[in-house]
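One file, work-v8.pdb, is given below (PDB, C-alpha atoms).
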MODEL        1
ATOM      1  CA  MET A   1      25.190  27.930 -33.147
ATOM      2  CA  SER A   2      25.613  31.736 -33.302
ATOM      3  CA  SER A   3      22.197  32.031 -34.962
ATOM      4  CA  ILE A   4      20.713  30.156 -32.011
ATOM      5  CA  ASP A   5      22.586  32.492 -29.647
ATOM      6  CA  ASN A   6      21.256  35.504 -31.589
ATOM      7  CA  LEU A   7      17.714  34.159 -31.419
ATOM      8  CA  THR A   8      18.055  33.426 -27.734
ATOM      9  CA  GLY A   9      19.433  36.941 -27.218
ATOM     10  CA  LYS A  10      16.443  38.481 -29.003
ATOM     11  CA  ILE A  11      14.054  36.379 -26.947
ATOM     12  CA  LEU A  12      15.785  37.426 -23.739
ATOM     13  CA  GLU A  13      15.462  41.093 -24.746
ATOM     14  CA  GLU A  14      11.724  40.630 -25.302
ATOM     15  CA  ALA A  15      11.427  38.862 -21.973
ATOM     16  CA  LYS A  16      13.305  41.679 -20.207
ATOM     17  CA  ALA A  17      10.745  44.144 -21.545
ATOM     18  CA  LYS A  18       7.907  42.014 -20.185
ATOM     19  CA  LYS A  19       9.539  41.354 -16.834
ATOM     20  CA  GLU A  20       9.062  44.948 -15.638
ATOM     21  CA  GLU A  21       5.318  44.657 -16.047
ATOM     22  CA  ILE A  22       5.185  41.324 -14.223
ATOM     23  CA  ILE A  23       7.414  42.590 -11.413
ATOM     24  CA  LYS A  24       5.290  45.769 -11.109
ATOM     25  CA  GLU A  25       2.129  43.651 -10.811
ATOM     26  CA  ALA A  26       3.792  41.397  -8.234
ATOM     27  CA  LYS A  27       4.930  44.431  -6.183
ATOM     28  CA  GLN A  28       1.445  45.969  -6.282
ATOM     29  CA  SER A  29      -0.016  42.619  -5.257
ATOM     30  CA  GLU A  30       2.547  42.424  -2.450
ATOM     31  CA  LYS A  31       1.607  45.926  -1.234
ATOM     32  CA  ASP A  32      -2.135  45.189  -1.378
ATOM     33  CA  ILE A  33      -1.773  41.921   0.520
ATOM     34  CA  LEU A  34       0.535  43.436   3.127
ATOM     35  CA  ASP A  35      -1.718  46.513   3.574
ATOM     36  CA  LYS A  36      -4.761  44.306   4.043
ATOM     37  CA  LYS A  37      -3.007  41.982   6.452
ATOM     38  CA  ILE A  38      -1.467  44.875   8.403
ATOM     39  CA  ALA A  39      -4.929  46.464   8.698
ATOM     40  CA  GLU A  40      -6.327  43.149   9.933
ATOM     41  CA  ALA A  41      -3.458  42.802  12.369
ATOM     42  CA  LYS A  42      -4.040  46.360  13.685
ATOM     43  CA  VAL A  43      -7.738  45.663  14.243
ATOM     44  CA  ILE A  44      -6.865  42.493  16.106
ATOM     45  CA  GLY A  45      -4.302  44.406  18.175
ATOM     46  CA  LYS A  46      -6.678  47.303  19.019
ATOM     47  CA  ASN A  47      -9.576  45.041  20.019
ATOM     48  CA  SER A  48      -7.453  42.824  22.202
ATOM     49  CA  ILE A  49      -7.620  43.141  25.942
ATOM     50  CA  GLU A  50      -4.448  43.253  28.014
ATOM     51  CA  LYS A  51      -4.736  39.585  28.935
ATOM     52  CA  SER A  52      -4.661  38.456  25.296
ATOM     53  CA  GLN A  53      -2.207  41.094  24.069
ATOM     54  CA  ARG A  54       0.640  38.606  23.694
ATOM     55  CA  GLU A  55      -1.575  36.274  21.667
ATOM     56  CA  SER A  56      -2.612  39.086  19.330
ATOM     57  CA  ILE A  57       1.027  40.052  18.761
ATOM     58  CA  ILE A  58       1.878  36.456  17.904
ATOM     59  CA  ARG A  59      -1.183  36.245  15.658
ATOM     60  CA  ARG A  60      -0.277  39.516  13.948
ATOM     61  CA  GLU A  61       3.283  38.305  13.307
ATOM     62  CA  ARG A  62       1.931  35.048  11.942
ATOM     63  CA  ILE A  63      -0.465  36.890   9.620
ATOM     64  CA  LEU A  64       2.350  39.125   8.377
ATOM     65  CA  SER A  65       4.661  36.154   7.949
ATOM     66  CA  ASN A  66       1.992  34.272   5.978
ATOM     67  CA  ALA A  67       1.323  37.348   3.828
ATOM     68  CA  GLU A  68       5.040  37.737   3.078
ATOM     69  CA  LEU A  69       5.266  34.044   2.219
ATOM     70  CA  LYS A  70       2.263  34.356  -0.099
ATOM     71  CA  VAL A  71       3.817  37.378  -1.838
ATOM     72  CA  ARG A  72       7.144  35.561  -2.219
ATOM     73  CA  ASN A  73       5.342  32.558  -3.721
ATOM     74  CA  GLU A  74       3.458  34.808  -6.152
ATOM     75  CA  LYS A  75       6.728  36.423  -7.230
ATOM     76  CA  LEU A  76       8.279  32.985  -7.778
ATOM     77  CA  LYS A  77       5.260  31.915  -9.843
ATOM     78  CA  ALA A  78       5.513  35.091 -11.937
ATOM     79  CA  LYS A  79       9.240  34.521 -12.518
ATOM     80  CA  GLN A  80       8.630  30.874 -13.413
ATOM     81  CA  LYS A  81       5.939  31.951 -15.878
ATOM     82  CA  VAL A  82       8.354  34.349 -17.599
ATOM     83  CA  ILE A  83      11.048  31.667 -17.753
ATOM     84  CA  GLU A  84       8.603  29.143 -19.242
ATOM     85  CA  ARG A  85       7.526  31.708 -21.865
ATOM     86  CA  VAL A  86      11.162  32.378 -22.761
ATOM     87  CA  LEU A  87      11.841  28.646 -23.182
ATOM     88  CA  GLU A  88       8.669  28.201 -25.276
ATOM     89  CA  LYS A  89       9.602  31.173 -27.477
ATOM     90  CA  SER A  90      13.143  29.790 -27.806
ATOM     91  CA  LEU A  91      11.716  26.513 -29.081
ATOM     92  CA  GLU A  92       9.418  28.359 -31.513
ATOM     93  CA  LYS A  93      12.297  30.519 -32.816
ATOM     94  CA  LEU A  94      14.562  27.483 -33.224
ATOM     95  CA  ALA A  95      11.828  25.756 -35.215
ATOM     96  CA  GLN A  96      11.714  28.815 -37.534
ATOM     97  CA  LEU A  97      15.371  28.747 -38.612
ATOM     98  CA  SER A  98      15.927  29.281 -42.337
ATOM     99  CA  LYS A  99      16.342  26.132 -44.442
ATOM    100  CA  GLU A 100      20.093  26.754 -44.795
ATOM    101  CA  GLU A 101      20.620  27.402 -41.060
ATOM    102  CA  TYR A 102      18.527  24.388 -40.138
ATOM    103  CA  LEU A 103      20.282  21.946 -42.486
ATOM    104  CA  SER A 104      23.663  23.313 -41.453
ATOM    105  CA  TYR A 105      22.715  22.752 -37.807
ATOM    106  CA  ILE A 106      21.527  19.178 -38.500
ATOM    107  CA  LYS A 107      24.725  18.297 -40.376
ATOM    108  CA  GLU A 108      27.023  19.928 -37.800
ATOM    109  CA  ARG A 109      25.181  18.255 -34.922
ATOM    110  CA  ILE A 110      25.344  14.770 -36.483
ATOM    111  CA  LEU A 111      29.036  15.147 -37.340
ATOM    112  CA  THR A 112      29.890  16.045 -33.728
ATOM    113  CA  LEU A 113      27.981  13.149 -32.145
ATOM    114  CA  PRO A 114      29.854  10.030 -30.960
ATOM    115  CA  ILE A 115      28.184   7.637 -33.421
ATOM    116  CA  ASP A 116      29.276   4.677 -35.557
ATOM    117  CA  GLY A 117      27.790   6.142 -38.731
ATOM    118  CA  ASP A 118      25.221   3.462 -39.564
ATOM    119  CA  GLU A 119      22.305   4.774 -37.524
ATOM    120  CA  LYS A 120      18.802   5.552 -38.804
ATOM    121  CA  ILE A 121      17.672   9.202 -38.819
ATOM    122  CA  ILE A 122      14.138   9.693 -37.512
ATOM    123  CA  ILE A 123      12.587  13.038 -38.462
ATOM    124  CA  ASN A 124       9.187  14.731 -38.261
ATOM    125  CA  SER A 125       6.717  14.900 -41.160
ATOM    126  CA  LYS A 126       7.582  18.554 -41.900
ATOM    127  CA  ASP A 127      11.253  17.693 -42.512
ATOM    128  CA  LYS A 128      10.540  14.896 -45.043
ATOM    129  CA  LEU A 129      11.066  17.376 -47.904
ATOM    130  CA  LEU A 130      14.096  19.071 -46.309
ATOM    131  CA  ILE A 131      16.182  16.148 -45.134
ATOM    132  CA  THR A 132      16.612  14.158 -48.332
ATOM    133  CA  GLU A 133      18.689  11.137 -49.298
ATOM    134  CA  ALA A 134      21.098  13.523 -51.065
ATOM    135  CA  PHE A 135      21.543  15.496 -47.843
ATOM    136  CA  VAL A 136      22.129  12.269 -45.880
ATOM    137  CA  ASN A 137      24.704  11.219 -48.513
ATOM    138  CA  GLU A 138      26.581  14.513 -47.950
ATOM    139  CA  ILE A 139      26.709  13.742 -44.236
ATOM    140  CA  ASN A 140      27.802  10.151 -44.950
ATOM    141  CA  SER A 141      30.628  11.434 -47.133
ATOM    142  CA  GLU A 142      31.896  13.638 -44.294
ATOM    143  CA  LEU A 143      31.478  10.801 -41.772
ATOM    144  CA  THR A 144      33.626   8.565 -44.005
ATOM    145  CA  GLN A 145      36.321  11.270 -44.078
ATOM    146  CA  LYS A 146      36.245  11.174 -40.268
ATOM    147  CA  GLY A 147      36.851   7.416 -40.276
ATOM    148  CA  LYS A 148      33.245   6.449 -39.520
ATOM    149  CA  LEU A 149      31.036   4.043 -41.467
ATOM    150  CA  GLY A 150      29.143   6.674 -43.467
ATOM    151  CA  LYS A 151      26.000   4.550 -43.757
ATOM    152  CA  LEU A 152      23.374   6.755 -42.133
ATOM    153  CA  SER A 153      19.904   6.280 -43.609
ATOM    154  CA  LEU A 154      16.500   7.895 -43.242
ATOM    155  CA  SER A 155      14.071   5.888 -41.142
ATOM    156  CA  ASN A 156      10.558   5.238 -42.418
ATOM    157  CA  GLU A 157       9.329   6.122 -38.937
ATOM    158  CA  ILE A 158       8.006   9.661 -38.451
ATOM    159  CA  ARG A 159       7.836  11.225 -34.967
ATOM    160  CA  ASP A 160       5.904  14.167 -33.584
ATOM    161  CA  PHE A 161       8.335  16.933 -32.556
ATOM    162  CA  LYS A 162       8.799  20.532 -33.759
ATOM    163  CA  ALA A 163      12.265  20.187 -35.276
ATOM    164  CA  GLY A 164      15.572  18.346 -35.000
ATOM    165  CA  PHE A 165      16.149  14.616 -35.359
ATOM    166  CA  ILE A 166      16.582  11.331 -33.519
ATOM    167  CA  LEU A 167      19.334   8.832 -34.339
ATOM    168  CA  GLU A 168      18.413   5.190 -33.705
ATOM    169  CA  LYS A 169      20.446   1.993 -33.742
ATOM    170  CA  ASN A 170      19.511  -1.370 -32.223
ATOM    171  CA  GLY A 171      16.710   0.188 -30.166
ATOM    172  CA  ILE A 172      18.987   2.860 -28.678
ATOM    173  CA  GLU A 173      18.085   6.454 -29.508
ATOM    174  CA  ILE A 174      19.999   9.717 -29.387
ATOM    175  CA  ASN A 175      17.252  12.336 -29.205
ATOM    176  CA  ASN A 176      18.298  15.614 -30.812
ATOM    177  CA  SER A 177      14.822  17.062 -31.255
ATOM    178  CA  PHE A 178      14.743  20.709 -30.224
ATOM    179  CA  GLU A 179      12.304  19.811 -27.427
ATOM    180  CA  ALA A 180      14.734  17.221 -26.026
ATOM    181  CA  LEU A 181      17.699  19.602 -26.285
ATOM    182  CA  ILE A 182      15.864  22.403 -24.448
ATOM    183  CA  SER A 183      14.558  19.908 -21.888
ATOM    184  CA  SER A 184      18.052  18.512 -21.263
ATOM    185  CA  MET A 185      19.379  22.024 -20.696
ATOM    186  CA  LYS A 186      16.270  23.284 -18.856
ATOM    187  CA  ASP A 187      17.839  23.699 -15.408
ATOM    188  CA  GLU A 188      20.854  25.503 -16.839
ATOM    189  CA  LEU A 189      18.678  27.623 -19.141
ATOM    190  CA  GLU A 190      16.244  28.470 -16.319
ATOM    191  CA  TYR A 191      19.126  29.622 -14.132
ATOM    192  CA  GLU A 192      20.655  31.694 -16.950
ATOM    193  CA  VAL A 193      17.327  33.259 -17.970
ATOM    194  CA  ALA A 194      16.476  34.050 -14.330
ATOM    195  CA  ARG A 195      19.930  35.560 -13.792
ATOM    196  CA  LEU A 196      19.631  37.761 -16.888
ATOM    197  CA  LEU A 197      16.026  38.822 -16.293
ATOM    198  CA  PHE A 198      15.809  39.222 -12.547
ATOM    199  CA  ASN A 199      19.247  40.370 -11.360
TER     200      ASN A 199
ENDMDL
END
Let me see the file written as structure tokens.
Amino acid sequence: MSSIDNLTGKILEEAKAKKEEIIKEAKQSEKDILDKKIAEAKVIGKNSIEKSQRESIIRRERILSNAELKVRNEKLKAKQKVIERVLEKSLEKLAQLSKEEYLSYIKERILTLPIDGDEKIIINSKDKLLITEAFVNEINSELTQKGKLGKLSLSNEIRDFKAGFILEKNGIEINNSFEALISSMKDELEYEVARLLFN
């Protein structure tokens, strides 16, 4: 998992470099919107007669409040965009692990799952040449040593995901595709990425 941590670290460093530009654009946008709205509010205030002065003040405050809300929403959108890019890049980097790292990850992940050991392994078309019967037999041997059945087999079914695997038994699936893993940790990852990039 340290290679995944290293990759994630590299991605976060790249994202940190990009965040400054996005934040700068958001701040400039905030200034432009506020300047425009303040100018509008001043015009409204100057042209108001005494009788409607209170209304213009309320209107001006409302305009400023709406402008601030719009700026805040734009900042949130910009942050969300950065976070989504980081998660997408994480998925791309995970899918580019070396053959050895990838197979080691697959084996380690299967051996740590609470399974019986007679499930079918569903993979993507790209992994047909990587995840062989011999590789599955290695995993089965280690499962047997752990007191499990050691009868995993490759499914004939191929699924469309970037990398990882799905274990299936009696219609029940344990989805360990990289997309599913990132999706299952999305809230936690979004919080962590936002904390690292924007604090």
Let me know the centre plus edge lengths, in Å and rounded to one decimal, of a box with edges along x, y and z that contains all listed atoms of range 164-175 of chain A and is padded by 3 Å on every side, as AutoDock Vina command-line options.
--center_x 18.0 --center_y 8.5 --center_z -32.0 --size_x 10.9 --size_y 25.7 --size_z 12.7
**OP:** Scan for residues within 12 Å of the point (13.0, 29.0, -32.7) in the coordinates of the file, using all atoms listed in the file, and reply as a PyMOL selection string.
**Re:** chain A and resi 3-11+86-98+101-102+162-164+178-179+182
Original post:
So how far away is CA of Lys120 in chain A from CA of Leu152 in chain A, in Å?
Top reply: 5.8 Å
Original post:
Which distance in Å separates CA of Ile139 in chain A and CA of Asp160 in chain A, to one decimal?
Top reply: 23.4 Å
**OP:** Show which residues sit within 12 Å of Asn124 in chain A, as a PyMOL selection string. Count all atoms listed in the file, and ignore same-chain residues fewer than 5 positions away.
**Re:** chain A and resi 95+129-131+154-166+176-178
Original post:
Using all atoms listed in the file, which of the listed residues (A:Lys146, A:Lys151, A:Lys27, A:Arg72) sits closest to Glu133 in chain A?
Top reply: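 Distance minimum relative to Glu133 in chain A lands on A:Lys151.
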Could you expand the PyMOL selection byres ((chain A and resi 70) around 12) into the explicit residues it covers here, written as an mmCIF file with C-alpha atoms, keeping the file's coordinate frame?
data_model
loop_
_atom_site.group_PDB
_atom_site.id
_atom_site.type_symbol
_atom_site.label_atom_id
_atom_site.label_comp_id
_atom_site.auth_asym_id
_atom_site.auth_seq_id
_atom_site.Cartn_x
_atom_site.Cartn_y
_atom_site.Cartn_z
ATOM 1 C CA ALA A 26 3.792 41.397 -8.234
ATOM 2 C CA SER A 29 -0.016 42.619 -5.257
ATOM 3 C CA GLU A 30 2.547 42.424 -2.450
ATOM 4 C CA LYS A 31 1.607 45.926 -1.234
ATOM 5 C CA ASP A 32 -2.135 45.189 -1.378
ATOM 6 C CA ILE A 33 -1.773 41.921 0.520
ATOM 7 C CA LEU A 34 0.535 43.436 3.127
ATOM 8 C CA LYS A 37 -3.007 41.982 6.452
ATOM 9 C CA ILE A 63 -0.465 36.890 9.620
ATOM 10 C CA LEU A 64 2.350 39.125 8.377
ATOM 11 C CA SER A 65 4.661 36.154 7.949
ATOM 12 C CA ASN A 66 1.992 34.272 5.978
ATOM 13 C CA ALA A 67 1.323 37.348 3.828
ATOM 14 C CA GLU A 68 5.040 37.737 3.078
ATOM 15 C CA LEU A 69 5.266 34.044 2.219
ATOM 16 C CA VAL A 71 3.817 37.378 -1.838
ATOM 17 C CA ARG A 72 7.144 35.561 -2.219
ATOM 18 C CA ASN A 73 5.342 32.558 -3.721
ATOM 19 C CA GLU A 74 3.458 34.808 -6.152
ATOM 20 C CA LYS A 75 6.728 36.423 -7.230
ATOM 21 C CA LEU A 76 8.279 32.985 -7.778
ATOM 22 C CA LYS A 77 5.260 31.915 -9.843
#
Subject >> Between CA of Ile106 in chain A and CA of Gly171 in chain A, distance in Å (one decimal) >> reply: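 Separation of CA of Ile106 in chain A and CA of Gly171 in chain A: 21.3 Å.
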**OP:** Check the smallest atom-to-atom distance from each of A:Lys148, A:Met185, A:Lys79, A:Lys36 to Arg60 in chain A using all atoms listed in the file, then report the winner.
**Re:**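 With all atoms listed in the file as the atom set, the closest residue is A:Lys36.
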Extract range 148-169 of chain A from the coordinates I pasted, and write it as a PDB file, in the first residue's frame (atoms kept: N, CA and C atoms).
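Saved as selection-v5.pdb:
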ATOM      1  N   LYS A 148      -8.519 -21.681   4.656  1.00  0.00           N
ATOM      2  CA  LYS A 148      -9.661 -21.434   3.768  1.00  0.00           C
ATOM      3  C   LYS A 148      -9.657 -22.478   2.659  1.00  0.00           C
ATOM      4  N   LEU A 149     -10.719 -22.496   1.856  1.00  0.00           N
ATOM      5  CA  LEU A 149     -10.892 -23.550   0.858  1.00  0.00           C
ATOM      6  C   LEU A 149      -9.794 -23.581  -0.205  1.00  0.00           C
ATOM      7  N   GLY A 150      -9.320 -22.449  -0.641  1.00  0.00           N
ATOM      8  CA  GLY A 150      -8.277 -22.419  -1.670  1.00  0.00           C
ATOM      9  C   GLY A 150      -8.770 -22.900  -3.020  1.00  0.00           C
ATOM     10  N   LYS A 151     -10.001 -22.513  -3.377  1.00  0.00           N
ATOM     11  CA  LYS A 151     -10.577 -22.942  -4.655  1.00  0.00           C
ATOM     12  C   LYS A 151     -11.057 -21.747  -5.479  1.00  0.00           C
ATOM     13  N   LEU A 152     -10.354 -20.629  -5.363  1.00  0.00           N
ATOM     14  CA  LEU A 152     -10.696 -19.481  -6.206  1.00  0.00           C
ATOM     15  C   LEU A 152     -10.507 -19.871  -7.662  1.00  0.00           C
ATOM     16  N   SER A 153     -11.322 -19.296  -8.548  1.00  0.00           N
ATOM     17  CA  SER A 153     -11.151 -19.550  -9.979  1.00  0.00           C
ATOM     18  C   SER A 153     -11.472 -18.279 -10.753  1.00  0.00           C
ATOM     19  N   LEU A 154     -10.892 -18.185 -11.947  1.00  0.00           N
ATOM     20  CA  LEU A 154     -11.165 -17.034 -12.807  1.00  0.00           C
ATOM     21  C   LEU A 154     -12.531 -17.202 -13.457  1.00  0.00           C
ATOM     22  N   SER A 155     -13.323 -16.161 -13.422  1.00  0.00           N
ATOM     23  CA  SER A 155     -14.628 -16.170 -14.071  1.00  0.00           C
ATOM     24  C   SER A 155     -14.441 -15.949 -15.566  1.00  0.00           C
ATOM     25  N   ASN A 156     -15.358 -16.478 -16.354  1.00  0.00           N
ATOM     26  CA  ASN A 156     -15.346 -16.211 -17.795  1.00  0.00           C
ATOM     27  C   ASN A 156     -15.879 -14.817 -18.095  1.00  0.00           C
ATOM     28  N   GLU A 157     -16.574 -14.249 -17.114  1.00  0.00           N
ATOM     29  CA  GLU A 157     -17.168 -12.919 -17.293  1.00  0.00           C
ATOM     30  C   GLU A 157     -16.085 -11.840 -17.210  1.00  0.00           C
ATOM     31  N   ILE A 158     -16.156 -10.895 -18.136  1.00  0.00           N
ATOM     32  CA  ILE A 158     -15.232  -9.756 -18.166  1.00  0.00           C
ATOM     33  C   ILE A 158     -16.062  -8.503 -17.877  1.00  0.00           C
ATOM     34  N   ARG A 159     -15.540  -7.622 -17.026  1.00  0.00           N
ATOM     35  CA  ARG A 159     -16.247  -6.374 -16.702  1.00  0.00           C
ATOM     36  C   ARG A 159     -15.428  -5.173 -17.164  1.00  0.00           C
ATOM     37  N   ASP A 160     -16.109  -4.054 -17.262  1.00  0.00           N
ATOM     38  CA  ASP A 160     -15.474  -2.817 -17.726  1.00  0.00           C
ATOM     39  C   ASP A 160     -15.123  -1.926 -16.536  1.00  0.00           C
ATOM     40  N   PHE A 161     -13.891  -2.037 -16.047  1.00  0.00           N
ATOM     41  CA  PHE A 161     -13.353  -1.133 -15.026  1.00  0.00           C
ATOM     42  C   PHE A 161     -11.858  -1.010 -15.280  1.00  0.00           C
ATOM     43  N   LYS A 162     -11.240   0.061 -14.753  1.00  0.00           N
ATOM     44  CA  LYS A 162      -9.829   0.345 -15.069  1.00  0.00           C
ATOM     45  C   LYS A 162      -8.885  -0.729 -14.536  1.00  0.00           C
ATOM     46  N   ALA A 163      -9.062  -1.111 -13.284  1.00  0.00           N
ATOM     47  CA  ALA A 163      -8.158  -2.087 -12.674  1.00  0.00           C
ATOM     48  C   ALA A 163      -8.806  -2.626 -11.408  1.00  0.00           C
ATOM     49  N   GLY A 164      -8.188  -3.679 -10.847  1.00  0.00           N
ATOM     50  CA  GLY A 164      -8.731  -4.302  -9.647  1.00  0.00           C
ATOM     51  C   GLY A 164      -9.444  -5.596  -9.997  1.00  0.00           C
ATOM     52  N   PHE A 165     -10.403  -5.985  -9.165  1.00  0.00           N
ATOM     53  CA  PHE A 165     -11.101  -7.249  -9.387  1.00  0.00           C
ATOM     54  C   PHE A 165     -12.422  -7.235  -8.628  1.00  0.00           C
ATOM     55  N   ILE A 166     -13.261  -8.200  -8.959  1.00  0.00           N
ATOM     56  CA  ILE A 166     -14.523  -8.415  -8.248  1.00  0.00           C
ATOM     57  C   ILE A 166     -14.565  -9.892  -7.885  1.00  0.00           C
ATOM     58  N   LEU A 167     -14.875 -10.203  -6.631  1.00  0.00           N
ATOM     59  CA  LEU A 167     -15.075 -11.593  -6.228  1.00  0.00           C
ATOM     60  C   LEU A 167     -16.577 -11.859  -6.216  1.00  0.00           C
ATOM     61  N   GLU A 168     -16.992 -12.999  -6.773  1.00  0.00           N
ATOM     62  CA  GLU A 168     -18.417 -13.312  -6.851  1.00  0.00           C
ATOM     63  C   GLU A 168     -18.665 -14.731  -6.365  1.00  0.00           C
ATOM     64  N   LYS A 169     -19.746 -14.870  -5.586  1.00  0.00           N
ATOM     65  CA  LYS A 169     -20.169 -16.200  -5.134  1.00  0.00           C
ATOM     66  C   LYS A 169     -21.669 -16.148  -4.894  1.00  0.00           C
TER      67      LYS A 169
END
